[in-house]
$ cat structure_29.cif   # mmCIF, C-alpha atoms
data_target
loop_
_atom_site.group_PDB
_atom_site.id
_atom_site.type_symbol
_atom_site.label_atom_id
_atom_site.label_comp_id
_atom_site.auth_asym_id
_atom_site.auth_seq_id
_atom_site.Cartn_x
_atom_site.Cartn_y
_atom_site.Cartn_z
ATOM 1 C CA MET A 1013 100.596 -88.284 -38.976
ATOM 2 C CA ARG A 1014 102.372 -85.450 -40.800
ATOM 3 C CA THR A 1015 105.839 -85.532 -42.246
ATOM 4 C CA ARG A 1016 108.529 -83.028 -43.116
ATOM 5 C CA ILE A 1017 110.044 -85.239 -45.803
ATOM 6 C CA LYS A 1018 109.114 -82.829 -48.602
ATOM 7 C CA GLU A 1019 110.796 -79.952 -46.803
ATOM 8 C CA PHE A 1020 113.948 -81.977 -46.195
ATOM 9 C CA ARG A 1021 113.964 -83.274 -49.764
ATOM 10 C CA ALA A 1022 113.872 -79.709 -51.034
ATOM 11 C CA ARG A 1023 116.767 -78.857 -48.711
ATOM 12 C CA TYR A 1024 118.943 -81.511 -50.367
ATOM 13 C CA ASP A 1025 117.429 -80.981 -53.821
ATOM 14 C CA LEU A 1026 116.129 -84.543 -54.004
ATOM 15 C CA THR A 1027 113.091 -85.643 -55.996
ATOM 16 C CA GLN A 1028 110.764 -88.379 -54.765
ATOM 17 C CA GLU A 1029 112.395 -90.663 -57.332
ATOM 18 C CA ASP A 1030 115.895 -89.906 -56.070
ATOM 19 C CA LEU A 1031 114.876 -90.589 -52.486
ATOM 20 C CA ALA A 1032 113.062 -93.802 -53.464
ATOM 21 C CA ARG A 1033 116.116 -95.035 -55.388
ATOM 22 C CA LYS A 1034 118.468 -94.286 -52.480
ATOM 23 C CA ILE A 1035 116.264 -96.206 -50.043
ATOM 24 C CA GLY A 1036 115.271 -98.986 -52.449
ATOM 25 C CA VAL A 1037 111.496 -98.525 -52.433
ATOM 26 C CA ARG A 1038 108.932 -97.590 -55.065
ATOM 27 C CA ARG A 1039 108.305 -93.891 -55.775
ATOM 28 C CA GLU A 1040 104.645 -94.265 -54.788
ATOM 29 C CA THR A 1041 105.735 -95.328 -51.310
ATOM 30 C CA ILE A 1042 107.509 -91.998 -50.780
ATOM 31 C CA LEU A 1043 104.467 -90.152 -52.189
ATOM 32 C CA PHE A 1044 102.076 -91.946 -49.827
ATOM 33 C CA ILE A 1045 104.345 -91.429 -46.808
ATOM 34 C CA GLU A 1046 104.628 -87.696 -47.591
ATOM 35 C CA ASN A 1047 100.853 -87.420 -47.834
ATOM 36 C CA GLY A 1048 100.390 -89.267 -44.549
ATOM 37 C CA LYS A 1049 98.551 -92.118 -46.263
ATOM 38 C CA TYR A 1050 101.072 -94.740 -45.301
ATOM 39 C CA VAL A 1051 102.848 -95.115 -41.976
ATOM 40 C CA PRO A 1052 106.291 -96.611 -42.680
ATOM 41 C CA SER A 1053 107.983 -99.271 -40.589
ATOM 42 C CA LEU A 1054 110.611 -98.123 -38.111
ATOM 43 C CA LYS A 1055 113.322 -99.486 -40.438
ATOM 44 C CA LEU A 1056 112.040 -97.501 -43.433
ATOM 45 C CA ALA A 1057 111.555 -94.353 -41.325
ATOM 46 C CA HIS A 1058 115.135 -94.750 -40.100
ATOM 47 C CA ASP A 1059 116.439 -95.219 -43.668
ATOM 48 C CA ILE A 1060 114.619 -92.088 -44.851
ATOM 49 C CA ALA A 1061 115.954 -90.106 -41.898
ATOM 50 C CA LYS A 1062 119.492 -91.323 -42.629
ATOM 51 C CA VAL A 1063 119.341 -90.252 -46.298
ATOM 52 C CA LEU A 1064 117.894 -86.865 -45.337
ATOM 53 C CA LYS A 1065 120.542 -86.444 -42.571
ATOM 54 C CA SER A 1066 117.827 -86.030 -39.991
ATOM 55 C CA SER A 1067 116.104 -88.051 -37.266
ATOM 56 C CA VAL A 1068 112.818 -89.957 -37.220
ATOM 57 C CA ASP A 1069 111.554 -87.532 -34.555
ATOM 58 C CA GLU A 1070 112.250 -84.567 -36.777
ATOM 59 C CA LEU A 1071 110.712 -86.036 -39.912
ATOM 60 C CA PHE A 1072 107.525 -87.614 -38.578
ATOM 61 C CA LEU A 1073 105.092 -85.538 -36.576
ATOM 62 C CA PHE A 1074 102.199 -87.170 -34.819
ATOM 63 C CA ASP A 1075 99.111 -85.139 -33.978
ATOM 64 C CA LYS A 1076 99.599 -85.617 -30.214
ATOM 65 C CA ASP A 1077 103.127 -84.054 -30.413
ATOM 66 C CA MET B 711 115.085 -115.343 -57.867
ATOM 67 C CA ASP B 712 115.832 -111.793 -59.033
ATOM 68 C CA GLY B 713 113.421 -109.519 -60.922
ATOM 69 C CA LYS B 714 114.659 -110.382 -64.411
ATOM 70 C CA ALA B 715 114.600 -114.148 -63.819
ATOM 71 C CA ARG B 716 111.090 -113.915 -62.345
ATOM 72 C CA PHE B 717 109.942 -111.886 -65.357
ATOM 73 C CA ARG B 718 111.403 -114.462 -67.778
ATOM 74 C CA ALA B 719 109.733 -117.312 -65.861
ATOM 75 C CA PHE B 720 106.412 -115.424 -66.002
ATOM 76 C CA VAL B 721 106.720 -114.887 -69.772
ATOM 77 C CA ALA B 722 107.591 -118.583 -70.251
ATOM 78 C CA VAL B 723 104.504 -119.692 -68.305
ATOM 79 C CA VAL B 724 102.333 -117.272 -70.303
ATOM 80 C CA VAL B 725 103.685 -118.598 -73.608
ATOM 81 C CA VAL B 726 103.032 -122.210 -72.536
ATOM 82 C CA VAL B 727 99.460 -121.393 -71.397
ATOM 83 C CA LEU B 728 98.624 -119.460 -74.588
ATOM 84 C CA ALA B 729 100.185 -122.153 -76.806
ATOM 85 C CA GLY B 730 98.096 -124.745 -74.931
ATOM 86 C CA GLY B 731 95.006 -122.651 -75.597
ATOM 87 C CA VAL B 732 95.779 -122.410 -79.312
ATOM 88 C CA LEU B 733 96.375 -126.192 -79.498
ATOM 89 C CA TYR B 734 93.058 -126.772 -77.709
ATOM 90 C CA LEU B 735 91.300 -124.520 -80.223
ATOM 91 C CA VAL B 736 92.870 -126.323 -83.181
ATOM 92 C CA ALA B 737 91.940 -129.686 -81.642
ATOM 93 C CA THR B 738 88.299 -128.658 -81.074
ATOM 94 C CA VAL B 739 88.028 -127.443 -84.677
ATOM 95 C CA GLY B 740 89.513 -130.749 -85.841
ATOM 96 C CA ALA B 741 87.145 -132.755 -83.637
ATOM 97 C CA GLY B 742 84.154 -131.010 -85.186
ATOM 98 C CA VAL B 743 82.908 -129.324 -81.996
ATOM 99 C CA GLU B 744 80.062 -126.829 -82.471
ATOM 100 C CA VAL B 745 81.426 -123.586 -83.995
ATOM 101 C CA ALA B 746 79.810 -121.405 -81.294
ATOM 102 C CA TRP B 747 81.844 -123.055 -78.512
ATOM 103 C CA THR B 748 85.051 -122.748 -80.513
ATOM 104 C CA LEU B 749 84.298 -119.041 -80.997
ATOM 105 C CA VAL B 750 83.670 -118.590 -77.255
ATOM 106 C CA SER B 751 86.998 -120.307 -76.495
ATOM 107 C CA ALA B 752 88.747 -118.118 -79.071
ATOM 108 C CA VAL B 753 87.303 -114.955 -77.501
ATOM 109 C CA ILE B 754 88.391 -116.095 -74.017
ATOM 110 C CA LEU B 755 91.881 -116.896 -75.325
ATOM 111 C CA ALA B 756 92.133 -113.546 -77.115
ATOM 112 C CA SER B 757 91.090 -111.621 -73.986
ATOM 113 C CA MET B 758 93.605 -113.618 -71.918
ATOM 114 C CA ALA B 759 96.307 -112.731 -74.450
ATOM 115 C CA LEU B 760 95.374 -109.033 -74.356
ATOM 116 C CA VAL B 761 95.459 -108.879 -70.531
ATOM 117 C CA VAL B 762 98.747 -110.754 -70.437
ATOM 118 C CA ILE B 763 100.348 -108.474 -73.053
ATOM 119 C CA ALA B 764 99.279 -105.421 -71.014
ATOM 120 C CA VAL B 765 100.741 -106.981 -67.842
ATOM 121 C CA ILE B 766 104.005 -107.917 -69.597
ATOM 122 C CA LEU B 767 104.432 -104.391 -71.014
ATOM 123 C CA LYS B 768 103.801 -102.870 -67.556
ATOM 124 C CA GLU B 769 106.218 -105.275 -65.852
ATOM 125 C CA ARG B 770 108.872 -104.571 -68.515
ATOM 126 C CA LYS B 771 108.512 -100.835 -68.010
ATOM 127 C CA GLU B 772 108.817 -101.244 -64.227
ATOM 128 C CA LEU B 773 111.833 -103.507 -64.589
ATOM 129 C CA LYS B 774 113.555 -100.877 -66.745
ATOM 130 C CA SER B 775 112.705 -98.047 -64.324
ATOM 131 C CA GLY B 776 115.083 -99.573 -61.764
ATOM 132 C CA PHE B 777 112.619 -99.435 -58.862
ATOM 133 C CA PRO B 778 111.920 -102.626 -56.917
ATOM 134 C CA LYS B 779 108.831 -104.533 -58.019
ATOM 135 C CA ASP B 780 107.526 -104.604 -54.497
ATOM 136 C CA ASP B 781 108.447 -103.019 -51.203
ATOM 137 C CA GLU B 782 107.015 -102.904 -47.684
ATOM 138 C CA ARG B 783 104.008 -100.795 -48.750
ATOM 139 C CA SER B 784 103.009 -103.088 -51.623
ATOM 140 C CA ARG B 785 103.494 -106.121 -49.350
ATOM 141 C CA ALA B 786 101.284 -104.477 -46.708
ATOM 142 C CA ILE B 787 98.596 -103.826 -49.346
ATOM 143 C CA ARG B 788 98.781 -107.411 -50.594
ATOM 144 C CA MET B 789 98.520 -108.810 -47.073
ATOM 145 C CA ARG B 790 95.575 -106.562 -46.178
ATOM 146 C CA ALA B 791 93.780 -107.343 -49.455
ATOM 147 C CA GLY B 792 94.354 -111.088 -49.015
ATOM 148 C CA TYR B 793 93.101 -110.990 -45.415
ATOM 149 C CA LEU B 794 89.946 -109.038 -46.349
ATOM 150 C CA ALA B 795 89.260 -111.154 -49.459
ATOM 151 C CA PHE B 796 89.555 -114.337 -47.389
ATOM 152 C CA PHE B 797 87.123 -113.217 -44.675
ATOM 153 C CA ILE B 798 84.601 -111.537 -46.989
ATOM 154 C CA SER B 799 84.510 -114.614 -49.230
ATOM 155 C CA LEU B 800 84.032 -116.819 -46.158
ATOM 156 C CA TYR B 801 80.804 -114.923 -45.458
ATOM 157 C CA PHE B 802 79.907 -115.385 -49.126
ATOM 158 C CA LEU B 803 80.568 -119.129 -48.748
ATOM 159 C CA PHE B 804 78.209 -119.293 -45.743
ATOM 160 C CA GLY B 805 75.573 -117.421 -47.756
ATOM 161 C CA MET B 806 76.035 -119.768 -50.699
ATOM 162 C CA SER B 807 75.680 -122.864 -48.528
ATOM 163 C CA GLY B 808 72.452 -121.390 -47.114
ATOM 164 C CA VAL B 809 71.090 -120.826 -50.634
ATOM 165 C CA GLN B 810 72.149 -124.358 -51.607
ATOM 166 C CA THR B 811 70.358 -125.837 -48.583
ATOM 167 C CA LEU B 812 67.202 -123.845 -49.383
ATOM 168 C CA LEU B 813 67.277 -125.014 -53.016
ATOM 169 C CA GLU B 814 67.746 -128.636 -51.948
ATOM 170 C CA ASP B 815 64.936 -128.388 -49.361
ATOM 171 C CA ARG B 816 62.542 -127.109 -52.012
ATOM 172 C CA GLN B 817 63.890 -129.632 -54.515
ATOM 173 C CA ILE B 818 64.853 -126.937 -56.976
ATOM 174 C CA ALA B 819 67.686 -127.773 -59.345
ATOM 175 C CA SER B 820 70.959 -126.156 -58.333
ATOM 176 C CA LEU B 821 74.448 -125.770 -59.736
ATOM 177 C CA PRO B 822 76.883 -128.664 -59.252
ATOM 178 C CA THR B 823 79.375 -128.284 -56.388
ATOM 179 C CA ALA B 824 82.314 -127.792 -58.808
ATOM 180 C CA GLU B 825 80.603 -124.771 -60.349
ATOM 181 C CA TRP B 826 79.805 -123.288 -56.925
ATOM 182 C CA GLY B 827 83.522 -123.747 -56.202
ATOM 183 C CA MET B 828 84.466 -121.839 -59.342
ATOM 184 C CA ILE B 829 82.051 -119.028 -58.439
ATOM 185 C CA TYR B 830 83.594 -118.906 -54.947
ATOM 186 C CA VAL B 831 87.123 -118.640 -56.351
ATOM 187 C CA ALA B 832 85.991 -115.955 -58.835
ATOM 188 C CA VAL B 833 84.337 -113.941 -56.036
ATOM 189 C CA MET B 834 87.429 -114.278 -53.840
ATOM 190 C CA GLY B 835 89.683 -113.128 -56.696
ATOM 191 C CA SER B 836 87.435 -110.191 -57.548
ATOM 192 C CA ILE B 837 87.296 -109.042 -53.914
ATOM 193 C CA PHE B 838 91.094 -109.285 -53.707
ATOM 194 C CA LEU B 839 91.508 -107.221 -56.886
ATOM 195 C CA ALA B 840 88.954 -104.615 -55.771
ATOM 196 C CA VAL B 841 90.458 -104.196 -52.279
ATOM 197 C CA HIS B 842 93.995 -104.177 -53.694
ATOM 198 C CA THR B 843 93.121 -101.438 -56.196
ATOM 199 C CA TYR B 844 91.302 -99.409 -53.521
ATOM 200 C CA LEU B 845 94.174 -99.593 -51.016
ATOM 201 C CA ASN B 846 96.700 -98.861 -53.740
ATOM 202 C CA ARG B 847 94.908 -95.604 -54.520
ATOM 203 C CA LYS B 848 93.676 -94.530 -51.099
ATOM 204 C CA GLY B 849 96.538 -95.750 -48.899
ATOM 205 C CA VAL B 850 96.809 -98.384 -46.200
ATOM 206 C CA PRO B 851 95.221 -97.399 -42.876
ATOM 207 C CA ALA B 852 97.734 -97.469 -40.002
#
$ encode --input "structure_29.cif" --output "C-alpha coordinates"
Amino acid sequence: MRTRIKEFRARYDLTQEDLARKIGVRRETILFIENGKYVPSLKLAHDIAKVLKSSVDELFLFDKD
Amino acid sequence: MDGKARFRAFVAVVVVVLAGGVLYLVATVGAGVEVAWTLVSAVILASMALVVIAVILKERKELKSGFPKDDERSRAIRMRAGYLAFFISLYFLFGMSGVQTLLEDRQIASLPTAEWGMIYVAVMGSIFLAVHTYLNRKGVPA
(Lines of atoms letter the chains of each structure in order from A and count residues from 1; the text may use other names and numbers.)
(Lines give C-alpha, C1' and ligand atoms only; values in the text may rest on other atoms or scores of the structure.)
Protein backbone atom coordinates (compact mmCIF):
# COMPACT_ATOMS: atom_id res chain seq x y z
CA MET A 1 0.00 0.00 0.00
CA ARG A 2 1.22 3.51 -0.84
CA THR A 3 -0.19 6.75 0.45
CA ARG A 4 -0.31 10.35 -0.67
CA ILE A 5 -0.62 11.69 2.87
CA LYS A 6 2.78 13.41 2.74
CA GLU A 7 1.84 15.20 -0.47
CA PHE A 8 -1.48 16.34 0.97
CA ARG A 9 0.13 17.38 4.24
CA ALA A 10 2.55 19.58 2.32
CA ARG A 11 -0.40 21.09 0.44
CA TYR A 12 -1.97 22.24 3.71
CA ASP A 13 1.38 22.94 5.39
CA LEU A 14 0.77 20.37 8.11
CA THR A 15 3.49 18.48 9.96
CA GLN A 16 3.04 14.87 11.06
CA GLU A 17 2.55 16.20 14.59
CA ASP A 18 -0.18 18.61 13.51
CA LEU A 19 -2.02 15.87 11.65
CA ALA A 20 -1.65 13.45 14.57
CA ARG A 21 -3.01 16.05 17.01
CA LYS A 22 -6.00 16.83 14.78
CA ILE A 23 -6.91 13.15 14.49
CA GLY A 24 -6.01 12.20 18.07
CA VAL A 25 -3.35 9.57 17.38
CA ARG A 26 0.35 9.29 18.13
CA ARG A 27 2.83 10.89 15.70
CA GLU A 28 4.45 7.50 15.04
CA THR A 29 1.13 6.22 13.72
CA ILE A 30 1.12 8.88 10.99
CA LEU A 31 4.78 8.11 10.22
CA PHE A 32 4.10 4.38 9.87
CA ILE A 33 0.99 4.94 7.74
CA GLU A 34 2.93 7.27 5.41
CA ASN A 35 5.67 4.67 5.03
CA GLY A 36 3.13 1.94 4.30
CA LYS A 37 4.13 0.01 7.41
CA TYR A 38 0.73 0.23 9.02
CA VAL A 39 -2.64 -0.14 7.33
CA PRO A 40 -5.11 2.07 9.22
CA SER A 41 -8.68 1.13 10.06
CA LEU A 42 -11.41 2.50 7.83
CA LYS A 43 -12.35 4.97 10.59
CA LEU A 44 -8.80 6.32 10.88
CA ALA A 45 -8.39 6.47 7.09
CA HIS A 46 -11.65 8.41 6.92
CA ASP A 47 -10.51 10.82 9.67
CA ILE A 48 -7.22 11.46 7.88
CA ALA A 49 -9.03 12.05 4.60
CA LYS A 50 -11.42 14.47 6.30
CA VAL A 51 -8.59 16.55 7.82
CA LEU A 52 -6.75 16.61 4.49
CA LYS A 53 -9.99 17.53 2.63
CA SER A 54 -9.62 14.50 0.43
CA SER A 55 -11.07 11.00 0.08
CA VAL A 56 -9.80 7.60 1.22
CA ASP A 57 -9.54 6.57 -2.45
CA GLU A 58 -7.32 9.51 -3.23
CA LEU A 59 -5.03 9.10 -0.24
CA PHE A 60 -4.47 5.35 -0.16
CA LEU A 61 -3.20 3.57 -3.24
CA PHE A 62 -3.11 -0.18 -3.37
CA ASP A 63 -0.72 -1.93 -5.73
CA LYS A 64 -3.57 -3.52 -7.73
CA ASP A 65 -5.06 -0.04 -8.49
CA MET B 1 -9.78 6.84 34.01
CA ASP B 2 -7.98 9.62 32.11
CA GLY B 3 -4.24 9.74 31.37
CA LYS B 4 -3.28 11.87 34.37
CA ALA B 5 -5.27 9.78 36.86
CA ARG B 6 -3.78 6.57 35.44
CA PHE B 7 -0.28 8.05 35.71
CA ARG B 8 -0.89 9.04 39.36
CA ALA B 9 -2.23 5.56 40.16
CA PHE B 10 0.85 4.02 38.52
CA VAL B 11 3.21 6.24 40.55
CA ALA B 12 1.30 5.37 43.76
CA VAL B 13 1.63 1.63 43.09
CA VAL B 14 5.35 2.06 42.33
CA VAL B 15 5.91 3.97 45.58
CA VAL B 16 4.08 1.28 47.59
CA VAL B 17 6.08 -1.55 45.93
CA LEU B 18 9.44 0.20 46.42
CA ALA B 19 8.60 1.13 50.03
CA GLY B 20 7.66 -2.53 50.63
CA GLY B 21 11.01 -3.56 49.19
CA VAL B 22 12.90 -1.16 51.45
CA LEU B 23 10.96 -2.40 54.51
CA TYR B 24 11.76 -6.00 53.52
CA LEU B 25 15.45 -5.10 53.25
CA VAL B 26 15.45 -3.41 56.66
CA ALA B 27 13.63 -6.40 58.16
CA THR B 28 16.11 -8.92 56.70
CA VAL B 29 19.04 -6.90 58.05
CA GLY B 30 17.33 -6.80 61.45
CA ALA B 31 16.63 -10.54 61.36
CA GLY B 32 20.30 -11.26 60.76
CA VAL B 33 19.90 -12.87 57.33
CA GLU B 34 23.15 -13.62 55.48
CA VAL B 35 24.63 -10.36 54.10
CA ALA B 36 24.99 -11.79 50.56
CA TRP B 37 21.22 -12.32 50.22
CA THR B 38 20.49 -8.84 51.54
CA LEU B 39 22.92 -7.44 48.96
CA VAL B 40 21.22 -9.42 46.16
CA SER B 41 17.83 -8.07 47.28
CA ALA B 42 19.24 -4.54 47.41
CA VAL B 43 20.61 -4.86 43.86
CA ILE B 44 17.25 -6.18 42.60
CA LEU B 45 15.43 -3.33 44.35
CA ALA B 46 17.84 -0.74 42.96
CA SER B 47 17.45 -2.05 39.40
CA MET B 48 13.65 -2.05 39.82
CA ALA B 49 13.84 1.57 40.99
CA LEU B 50 16.02 2.56 38.03
CA VAL B 51 13.68 0.94 35.47
CA VAL B 52 10.65 2.49 37.13
CA ILE B 53 12.22 5.97 37.20
CA ALA B 54 13.01 5.67 33.47
CA VAL B 55 9.42 4.57 32.76
CA ILE B 56 7.95 7.40 34.88
CA LEU B 57 10.10 10.03 33.13
CA LYS B 58 9.06 8.68 29.70
CA GLU B 59 5.37 8.58 30.66
CA ARG B 60 5.59 12.14 32.06
CA LYS B 61 7.16 13.40 28.85
CA GLU B 62 4.46 11.69 26.77
CA LEU B 63 1.71 13.06 28.99
CA LYS B 64 3.08 16.59 28.51
CA SER B 65 3.39 16.17 24.73
CA GLY B 66 -0.41 16.06 24.46
CA PHE B 67 -0.53 12.94 22.28
CA PRO B 68 -2.68 10.02 23.42
CA LYS B 69 -0.83 7.30 25.31
CA ASP B 70 -2.18 4.66 23.00
CA ASP B 71 -4.11 4.59 19.76
CA GLU B 72 -5.29 1.95 17.29
CA ARG B 73 -1.74 1.17 16.10
CA SER B 74 -0.33 0.66 19.61
CA ARG B 75 -3.38 -1.45 20.51
CA ALA B 76 -2.84 -3.56 17.37
CA ILE B 77 0.82 -4.06 18.33
CA ARG B 78 -0.11 -5.04 21.88
CA MET B 79 -2.73 -7.51 20.67
CA ARG B 80 -0.36 -9.08 18.13
CA ALA B 81 2.48 -9.29 20.66
CA GLY B 82 0.18 -10.83 23.29
CA TYR B 83 -1.17 -13.38 20.80
CA LEU B 84 2.32 -14.40 19.64
CA ALA B 85 3.75 -14.49 23.18
CA PHE B 86 0.88 -16.72 24.31
CA PHE B 87 1.29 -19.27 21.51
CA ILE B 88 5.10 -19.31 21.49
CA SER B 89 5.18 -19.80 25.27
CA LEU B 90 2.63 -22.61 24.94
CA TYR B 91 5.14 -24.47 22.77
CA PHE B 92 7.78 -23.67 25.39
CA LEU B 93 5.46 -25.11 28.06
CA PHE B 94 5.08 -28.35 26.06
CA GLY B 95 8.86 -28.53 25.69
CA MET B 96 9.34 -27.93 29.40
CA SER B 97 6.87 -30.65 30.35
CA GLY B 98 8.75 -33.04 28.04
CA VAL B 99 12.06 -32.18 29.74
CA GLN B 100 10.40 -32.60 33.15
CA THR B 101 9.06 -36.04 32.19
CA LEU B 102 12.49 -37.11 30.91
CA LEU B 103 14.16 -35.93 34.13
CA GLU B 104 11.60 -37.77 36.25
CA ASP B 105 11.95 -40.96 34.16
CA ARG B 106 15.71 -40.94 34.68
CA GLN B 107 15.26 -39.97 38.32
CA ILE B 108 17.33 -36.84 37.92
CA ALA B 109 16.57 -34.01 40.32
CA SER B 110 14.53 -31.25 38.72
CA LEU B 111 13.29 -27.80 39.63
CA PRO B 112 10.12 -27.55 41.74
CA THR B 113 6.90 -26.81 39.84
CA ALA B 114 6.69 -23.26 41.27
CA GLU B 115 10.09 -22.41 39.80
CA TRP B 116 9.16 -23.89 36.40
CA GLY B 117 6.08 -21.64 36.61
CA MET B 118 8.24 -18.59 37.25
CA ILE B 119 10.50 -19.49 34.31
CA TYR B 120 7.40 -19.88 32.12
CA VAL B 121 6.08 -16.45 33.12
CA ALA B 122 9.53 -14.90 32.57
CA VAL B 123 9.78 -16.48 29.09
CA MET B 124 6.26 -15.32 28.21
CA GLY B 125 7.06 -11.77 29.36
CA SER B 126 10.34 -11.69 27.47
CA ILE B 127 8.71 -12.92 24.25
CA PHE B 128 5.99 -10.27 24.63
CA LEU B 129 8.59 -7.53 25.13
CA ALA B 130 10.72 -8.73 22.20
CA VAL B 131 7.78 -9.01 19.78
CA HIS B 132 6.35 -5.69 20.98
CA THR B 133 9.67 -3.91 20.41
CA TYR B 134 10.11 -5.55 16.99
CA LEU B 135 6.61 -4.63 15.78
CA ASN B 136 6.96 -1.13 17.18
CA ARG B 137 10.05 -0.58 15.04
CA LYS B 138 9.22 -2.58 11.92
CA GLY B 139 5.46 -2.01 11.70
CA VAL B 140 2.46 -4.29 12.00
CA PRO B 141 1.88 -6.55 8.99
CA ALA B 142 -1.56 -6.01 7.42
$ closest_atom_pairs --input "structure_29.cif" --of "chain B" --to "chain A" --cutoff "6 Å" --atoms "all atoms listed in the file" --output "CSV"
residue,atom,partner,partner_atom,distance
B:Phe777,CA,A:Arg1038,CA,5.6
B:Asp781,CA,A:Val1037,CA,5.6
B:Gly849,CA,A:Lys1049,CA,4.9
B:Val850,CA,A:Tyr1050,CA,5.7
B:Ala852,CA,A:Val1051,CA,6.0
$ atom_distance --input "structure_29.cif" --atom1 "CA of Arg1016 (chain A)" --atom2 "CA of Leu1071 (chain A)"
4.9 Å
$ atom_distance --input "structure_29.cif" --atom1 "CA of Arg783 (chain B)" --atom2 "CA of Val841 (chain B)"
14.4 Å
$ resolve_selection --input "structure_29.cif" --expression "the PyMOL selection byres ((chain B and resi 793-802) around 9)" --output "PDB file with C-alpha atoms, in the coordinates of the input"
ATOM      1  CA  ARG B 788      98.781-107.411 -50.594  1.00  0.00           C
ATOM      2  CA  MET B 789      98.520-108.810 -47.073  1.00  0.00           C
ATOM      3  CA  ARG B 790      95.575-106.562 -46.178  1.00  0.00           C
ATOM      4  CA  ALA B 791      93.780-107.343 -49.455  1.00  0.00           C
ATOM      5  CA  GLY B 792      94.354-111.088 -49.015  1.00  0.00           C
ATOM      6  CA  LEU B 803      80.568-119.129 -48.748  1.00  0.00           C
ATOM      7  CA  PHE B 804      78.209-119.293 -45.743  1.00  0.00           C
ATOM      8  CA  GLY B 805      75.573-117.421 -47.756  1.00  0.00           C
ATOM      9  CA  MET B 806      76.035-119.768 -50.699  1.00  0.00           C
ATOM     10  CA  SER B 807      75.680-122.864 -48.528  1.00  0.00           C
ATOM     11  CA  TYR B 830      83.594-118.906 -54.947  1.00  0.00           C
ATOM     12  CA  VAL B 831      87.123-118.640 -56.351  1.00  0.00           C
ATOM     13  CA  VAL B 833      84.337-113.941 -56.036  1.00  0.00           C
ATOM     14  CA  MET B 834      87.429-114.278 -53.840  1.00  0.00           C
ATOM     15  CA  GLY B 835      89.683-113.128 -56.696  1.00  0.00           C
ATOM     16  CA  SER B 836      87.435-110.191 -57.548  1.00  0.00           C
ATOM     17  CA  ILE B 837      87.296-109.042 -53.914  1.00  0.00           C
ATOM     18  CA  PHE B 838      91.094-109.285 -53.707  1.00  0.00           C
ATOM     19  CA  LEU B 839      91.508-107.221 -56.886  1.00  0.00           C
ATOM     20  CA  VAL B 841      90.458-104.196 -52.279  1.00  0.00           C
TER      21      VAL B 841
END
$ resolve_selection --input "structure_29.cif" --expression "the PyMOL selection byres ((chain B and resi 714-723) around 12)" --output "list in words"
Met711, Asp712, Gly713, Val724, Val725, Val726, Val727, Leu728, Ala729, Gly730, Ala759, Val762, Ile763, Val765, Ile766, Leu767, Lys768, Glu769, Arg770, Lys771, Glu772, Leu773, Lys774, Gly776, Pro778 and Lys779 of chain B
$ axis_aligned_box --input "structure_29.cif" --around "region 714-728 of chain B" --padding-each-side "8 Å" --output "JSON"
{"center_x": 106.6, "center_y": -116.3, "center_z": -68.5, "size_x": 32.0, "size_y": 27.8, "size_z": 28.2}
$ atom_distance --input "structure_29.cif" --atom1 "CA of Ser784 (chain B)" --atom2 "CA of Phe1072 (chain A)"
20.7 Å
$ closest_residue --input "structure_29.cif" --among "A:Asp1075, A:Asp1059, A:Arg1014, A:Leu1064" --to "Thr1027 (chain A)" --atoms "all atoms listed in the file"
A:Leu1064
$ residues_around --input "structure_29.cif" --residues "Tyr1024 (chain A)" --least-positions-apart "5" --cutoff "12 Å" --atoms "all atoms listed in the file" --output "number ranges by chain"
A: 1017-1019, 1030-1031, 1063-1066
